[in-house]
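Source file: data.txt. Holds: compact mmCIF, C-alpha atoms.
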```
# COMPACT_ATOMS: atom_id res chain seq x y z
CA MET A 988 35.74 17.74 13.56
CA THR A 989 32.67 16.47 11.66
CA SER A 990 32.53 17.98 8.17
CA ALA A 991 28.74 18.18 8.05
CA LEU A 992 25.63 16.76 9.70
CA ALA A 993 22.20 15.81 8.42
CA PHE A 994 19.03 14.96 10.28
CA VAL A 995 16.07 13.13 8.76
CA GLU A 996 12.93 13.01 10.86
CA ILE A 997 9.97 10.97 9.70
CA GLY A 998 6.73 9.79 11.27
CA ALA A 999 6.78 6.08 10.46
CA TRP A 1000 9.64 3.69 11.18
CA SER A 1001 9.05 1.55 8.09
CA SER A 1002 9.00 4.62 5.84
CA ALA A 1003 12.21 5.81 7.51
CA MET A 1004 13.92 2.57 6.46
CA VAL A 1005 12.82 3.07 2.83
CA VAL A 1006 14.11 6.64 2.91
CA LEU A 1007 17.40 5.53 4.53
CA ASP A 1008 17.90 2.85 1.87
CA ALA A 1009 17.41 5.39 -0.93
CA MET A 1010 19.76 7.88 0.73
CA GLU A 1011 22.57 5.34 1.18
CA LYS A 1012 22.24 4.15 -2.41
CA ASN A 1013 22.47 7.76 -3.63
CA ALA A 1014 25.39 9.18 -1.61
CA SER A 1015 28.38 8.28 0.58
CA ILE A 1016 27.03 9.04 4.03
CA ARG A 1017 27.48 7.47 7.46
CA ILE A 1018 24.79 6.94 10.08
CA LEU A 1019 25.71 8.25 13.51
CA GLN A 1020 22.58 6.96 15.25
CA SER A 1021 18.82 6.77 15.13
CA GLU A 1022 16.52 7.95 17.89
CA LEU A 1023 12.86 7.09 18.36
CA ASN A 1024 10.54 9.82 19.57
CA ASP A 1025 7.00 9.99 20.90
CA ALA A 1026 5.40 11.41 17.74
CA PRO A 1027 5.67 8.39 17.00
CA GLY A 1028 8.56 8.54 14.63
CA VAL A 1029 12.30 8.40 14.23
CA CYS A 1030 15.19 10.81 13.68
CA ILE A 1031 18.21 9.44 11.82
CA LYS A 1032 21.46 11.37 12.19
CA PHE A 1033 24.18 11.32 9.52
CA THR A 1034 27.64 12.66 8.82
CA GLY A 1035 29.50 13.13 5.54
CA SER A 1036 30.53 15.80 3.10
CA VAL A 1037 28.17 18.73 2.54
CA SER A 1038 27.56 17.74 -1.09
CA ASP A 1039 26.80 14.10 -0.25
CA LEU A 1040 24.49 15.04 2.61
CA GLU A 1041 22.64 17.61 0.50
CA SER A 1042 22.18 15.01 -2.24
CA ALA A 1043 21.01 12.45 0.33
CA ALA A 1044 18.58 14.99 1.86
CA ARG A 1045 17.06 15.67 -1.58
CA THR A 1046 16.67 11.94 -2.07
CA ALA A 1047 14.98 11.67 1.34
CA ARG A 1048 12.44 14.35 0.42
CA LEU A 1049 11.67 12.84 -3.00
CA THR A 1050 11.37 9.30 -1.61
CA ALA A 1051 9.07 10.41 1.20
CA GLU A 1052 6.97 12.39 -1.27
CA THR A 1053 6.36 9.28 -3.39
CA MET A 1054 5.13 7.52 -0.23
CA GLN A 1055 3.03 10.58 0.74
CA THR A 1056 4.87 10.64 4.07
CA PRO A 1057 5.90 13.92 5.72
CA VAL A 1058 9.65 14.20 6.29
CA LEU A 1059 12.09 16.81 7.55
CA ALA A 1060 15.58 16.52 6.02
CA HIS A 1061 18.07 19.17 7.13
CA VAL A 1062 21.83 19.64 6.61
CA ILE A 1063 24.15 21.58 8.94
CA PRO A 1064 27.34 22.35 6.95
CA ARG A 1065 29.66 23.34 9.80
CA PRO A 1066 28.44 21.99 13.15
CA ALA A 1067 29.56 24.06 16.12
CA PRO A 1068 32.17 22.62 18.48
CA GLY A 1069 30.37 21.19 21.47
CA SER A 1070 27.15 20.48 19.58
CA PRO A 1071 27.48 16.66 19.83
CA ALA A 1072 26.40 16.99 23.47
CA ALA A 1073 22.98 18.01 22.14
CA TYR A 1074 22.47 15.79 19.10
CA LEU A 1075 24.17 12.53 20.15
CA ALA A 1076 21.92 10.66 22.58
CA ARG A 1077 23.24 8.12 25.05
CA PRO A 1078 22.30 4.46 24.56
CA ASP A 1079 19.23 3.59 26.60
CA PHE A 1080 16.51 1.01 27.07
CA ASN A 1081 12.86 2.05 26.95
CA LEU A 1082 10.77 -0.20 29.22
CA LEU A 1083 7.50 0.87 27.60
CA ILE A 1084 8.48 -0.40 24.14
CA GLU A 1085 10.84 -3.11 25.48
CA GLN A 1086 13.79 -2.02 23.34
CA PRO A 1087 16.37 0.76 23.01
CA SER A 1088 15.08 4.08 21.71
CA VAL A 1089 18.62 5.04 20.63
CA ASN A 1090 20.38 2.81 18.11
CA ILE A 1091 24.08 3.25 17.32
CA PRO A 1092 24.91 1.05 14.32
CA GLU A 1093 28.21 -0.74 13.99
CA GLU A 1094 30.58 0.57 11.35
CA THR A 1095 29.68 -0.90 7.97
CA PRO A 1096 31.16 -0.33 4.50
CA MET A 1097 29.37 2.47 2.67
CA ASN A 1098 27.07 1.48 -0.20
CA ASN A 1099 27.34 -2.24 0.60
CA GLN A 1100 24.02 -4.02 -0.08
CA ALA A 1101 22.45 -7.32 0.93
CA ASN A 1102 21.58 -10.02 -1.63
CA PHE A 1103 17.98 -10.45 -0.42
CA ALA A 1104 14.89 -8.29 0.00
CA VAL A 1105 13.17 -7.12 3.17
CA GLY A 1106 9.50 -6.36 3.55
CA LEU A 1107 8.08 -4.08 6.23
CA ILE A 1108 4.50 -3.94 7.38
CA GLU A 1109 3.55 -1.33 9.97
CA THR A 1110 0.20 -1.05 11.72
CA GLN A 1111 -1.36 0.75 14.61
CA GLY A 1112 -2.70 -2.19 16.54
CA PHE A 1113 -0.88 -5.40 17.35
CA THR A 1114 -3.58 -7.82 16.20
CA ALA A 1115 -3.42 -6.41 12.67
CA VAL A 1116 0.33 -6.86 12.29
CA PHE A 1117 0.28 -10.35 13.82
CA GLU A 1118 -2.44 -11.40 11.35
CA ALA A 1119 -0.49 -9.76 8.53
CA ILE A 1120 2.70 -11.65 9.34
CA ASP A 1121 0.85 -14.96 9.72
CA THR A 1122 -0.63 -14.35 6.26
CA ALA A 1123 2.78 -13.39 4.84
CA LEU A 1124 4.42 -16.56 6.15
CA LYS A 1125 1.62 -18.71 4.70
CA THR A 1126 1.78 -16.94 1.32
CA ALA A 1127 5.46 -17.16 0.39
CA ASN A 1128 8.84 -18.50 1.44
CA VAL A 1129 9.83 -15.66 3.80
CA GLU A 1130 11.07 -15.46 7.37
CA VAL A 1131 10.56 -12.96 10.16
CA LEU A 1132 13.70 -10.88 10.65
CA ALA A 1133 12.76 -8.35 13.34
CA ARG A 1134 10.05 -6.23 14.90
CA GLU A 1135 10.07 -2.58 15.99
CA LYS A 1136 7.69 -0.87 18.42
CA LEU A 1137 7.25 2.92 18.53
CA GLY A 1138 4.64 3.25 21.23
CA GLY A 1139 1.06 4.37 20.68
CA GLY A 1140 0.26 0.92 19.34
CA TYR A 1141 2.57 1.37 16.32
CA ILE A 1142 4.48 -1.78 15.44
CA THR A 1143 6.48 -2.88 12.39
CA VAL A 1144 7.42 -6.45 11.53
CA VAL A 1145 10.24 -7.06 9.04
CA ILE A 1146 10.42 -10.13 6.80
CA LYS A 1147 13.21 -11.44 4.60
CA GLY A 1148 13.37 -13.47 1.39
CA ASP A 1149 13.89 -13.12 -2.34
CA VAL A 1150 12.24 -10.12 -4.00
CA SER A 1151 9.29 -11.93 -5.59
CA ALA A 1152 8.49 -13.86 -2.40
CA VAL A 1153 8.65 -10.73 -0.25
CA ARG A 1154 6.45 -8.78 -2.70
CA ALA A 1155 3.83 -11.54 -2.70
CA ALA A 1156 3.96 -11.83 1.09
CA ILE A 1157 3.60 -8.08 1.69
CA ASP A 1158 0.73 -7.77 -0.82
CA ALA A 1159 -1.14 -10.56 0.96
CA ALA A 1160 -0.28 -9.16 4.39
CA LYS A 1161 -1.66 -5.70 3.50
CA ALA A 1162 -5.02 -7.17 2.47
CA SER A 1163 -5.30 -9.21 5.68
CA THR A 1164 -5.19 -6.18 8.02
CA GLU A 1165 -8.57 -4.80 6.95
CA GLY A 1166 -10.89 -4.42 9.92
CA LEU A 1167 -8.23 -5.38 12.46
CA GLY A 1168 -6.26 -2.17 12.88
CA LYS A 1169 -4.87 0.78 10.96
CA LEU A 1170 -2.38 -0.04 8.21
CA ILE A 1171 0.35 2.61 8.43
CA ALA A 1172 2.74 1.38 5.72
CA ALA A 1173 3.82 -1.66 3.74
CA HIS A 1174 7.07 -1.60 1.78
CA VAL A 1175 9.51 -3.88 -0.01
CA ILE A 1176 13.22 -3.00 -0.13
CA PRO A 1177 15.21 -5.06 -2.65
CA SER A 1178 18.90 -5.46 -1.67
CA PRO A 1179 18.65 -3.30 1.47
CA SER A 1180 21.62 -1.11 2.33
CA GLN A 1181 23.86 -1.98 5.25
CA GLY A 1182 22.52 1.00 7.19
CA VAL A 1183 19.01 -0.40 7.02
CA LEU A 1184 20.21 -3.79 8.25
CA ALA A 1185 22.27 -2.14 11.00
CA LEU A 1186 19.20 -0.31 12.35
CA LEU A 1187 16.95 -3.36 12.50
CA PRO A 1188 16.09 -4.31 16.09
CA LYS A 1189 18.38 -6.96 17.51
```

Taking this structure as input, can you express it in the form of structure tokens?
Amino acid sequence: MTSALAFVEIGAWSSAMVVLDAMEKNASIRILQSELNDAPGVCIKFTGSVSDLESAARTARLTAETMQTPVLAHVIPRPAPGSPAAYLARPDFNLLIEQPSVNIPEETPMNNQANFAVGLIETQGFTAVFEAIDTALKTANVEVLAREKLGGGYITVVIKGDVSAVRAAIDAAKASTEGLGKLIAAHVIPSPSQGVLALLPK
């Protein structure tokens, strides 16, 4: 039986990755799955000890607050038998966003981190993010790692490189979106946690 559960629901996919990274670097938790919704947003589901999950939930709230992003972080200490039928979604493929809306990460060692940085730029409007990424690639030695669509015109593109290159690329990318679409978020994650990497679109 699962010792405890936690759910973190947040309105922007890129912000969710920043929150996830902070949570994993703060406590020994394991991701069960992530599920996109139509808000648009994402719900990430975790298991672990009550104390670790409560610590991770506090970290989620504080991290989201610094980004001025609403978040719901909730811990269930003793999940009822039979409840997985409600909270664990089946793998699927969403034709509208051309990707799965449920992501079940492979098992990864807890608190293991990558030796590079990732940058995330999220816009509402495809033209804005495509211009942003073109600018990022022309600004610094970075590469495109993945892209994530949430529906409603929300799209995130993820880049990879060393920390200084990713910071320079994201700063330039943010400036290039003006007048082309709505900038939702732009973040840099140095040494991203394995959970973040596991949830990147394949």

Pick from A:Leu1124, A:Val1144, A:Ala1060, A:Ala1072: nearest to Ala1047 (chain A), with all atoms listed in the file counted?
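Among A:Leu1124, A:Val1144, A:Ala1060, A:Ala1072, it is A:Ala1060 that comes nearest to Ala1047 (chain A).
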
May I have the residues within 8 Å of Asn1024 (chain A) as a VMD selection string, using only C-alpha atoms and disregarding those fewer than 5 positions away in the same chain?
chain A and resid 1029 to 1030 1088 1137

I need the residues from that last selection saved to file as a CSV table (one decimal), in the frame of the given file (with C-alpha atoms), if you can.
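Result file is again-v4.csv:
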```csv
chain,number,residue,atom,x,y,z
A,1029,VAL,CA,12.3,8.4,14.2
A,1030,CYS,CA,15.2,10.8,13.7
A,1088,SER,CA,15.1,4.1,21.7
A,1137,LEU,CA,7.2,2.9,18.5
```

Show which residues sit within 9 Å of Pro1179 (chain A), as a list in words. Count all atoms listed in the file, and ignore same-chain residues fewer than 4 positions away.
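Within the cut-off, the hits are Val1005, Asp1008, Asn1099, Gln1100, Ala1101, Asn1102, Phe1103, Ala1104, Val1105, Val1183 and Leu1184 of chain A.
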
Just want the 9 Å neighbourhood of region 1079-1083 of chain A, counted on all atoms listed in the file, with same-chain residues fewer than 6 positions away dropped. Output as a list in words.
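Here the answer would be Val1089, Asn1090 and Gly1138 of chain A.
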
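Distance check against Gln1055 (chain A) using only C-alpha atoms: of A:Gly1035, A:Ser1002, A:Gln1020, A:Ala1155, the minimum falls on A:Ser1002.
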
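Proximity to Arg1134 (chain A) at 10 Å, evaluated using all atoms listed in the file and with sequence-adjacent residues fewer than 4 positions away removed, yields A:Leu1107, A:Ile1108, A:Glu1109, A:Ile1142, A:Thr1143, A:Val1144, A:Val1145, A:Ile1146, A:Leu1187, A:Pro1188, A:Lys1189.
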
How would the residues just picked look written out with C-alpha atoms as a short mmCIF file (atom, residue, chain, number, x, y, z; two decimals), keeping the file's coordinate frame?
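Below you can see again-v7.cif, which holds the result:
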```cif
data_model
loop_
_atom_site.label_atom_id
_atom_site.label_comp_id
_atom_site.auth_asym_id
_atom_site.auth_seq_id
_atom_site.Cartn_x
_atom_site.Cartn_y
_atom_site.Cartn_z
CA LEU A 1107 8.08 -4.08 6.23
CA ILE A 1108 4.50 -3.94 7.38
CA GLU A 1109 3.55 -1.33 9.97
CA ILE A 1142 4.48 -1.78 15.44
CA THR A 1143 6.48 -2.88 12.39
CA VAL A 1144 7.42 -6.45 11.53
CA VAL A 1145 10.24 -7.06 9.04
CA ILE A 1146 10.42 -10.13 6.80
CA LEU A 1187 16.95 -3.36 12.50
CA PRO A 1188 16.09 -4.31 16.09
CA LYS A 1189 18.38 -6.96 17.51
#
```

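Taking CA of Pro1064 (chain A) as the reference point, CA of Pro1087 (chain A) is found at 29.1 Å.
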
Near Glu1165 (chain A), counting only C-alpha atoms, which residues have an atom at most 10 Å away, once you skip same-chain residues fewer than 4 positions from it, shown as a list in words?
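So the residues in contact are Ala1115, Ala1119, Ala1160, Lys1161, Lys1169 and Leu1170 of chain A.
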
Here is a test: counting only C-alpha atoms, which residue of A:Ile1176, A:Leu1019, A:Ala999, A:Ile1063 is nearest to Ala1051 (chain A)?
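When distances to Ala1051 (chain A) are compared using only C-alpha atoms, the smallest one comes from A:Ala999.
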
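CA of Glu996 (chain A) is found 6.4 Å from CA of Ile1031 (chain A).
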
Separation of CA of Gly1139 (chain A) from CA of Trp1000 (chain A), in Å and rounded to one decimal:
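These atoms are spaced 12.8 Å apart.
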
Given all atoms listed in the file as the counted atoms, nearest of A:Ala1162, A:Gly1168, A:Ala1073, A:Thr1053 to Thr1114 (chain A):
A:Gly1168

Between A:Ile1157, A:Ala1127, A:Glu1011, A:Ile1171, which one has atoms that come closest to Tyr1141 (chain A), using all atoms listed in the file?
A:Ile1171

Box centre and edge lengths (Å, one decimal), axis-aligned, region 1024-1038 of chain A plus 8 Å each side, as JSON:
```
{"center_x": 18.0, "center_y": 13.6, "center_z": 9.9, "size_x": 41.1, "size_y": 26.3, "size_z": 38.0}
```
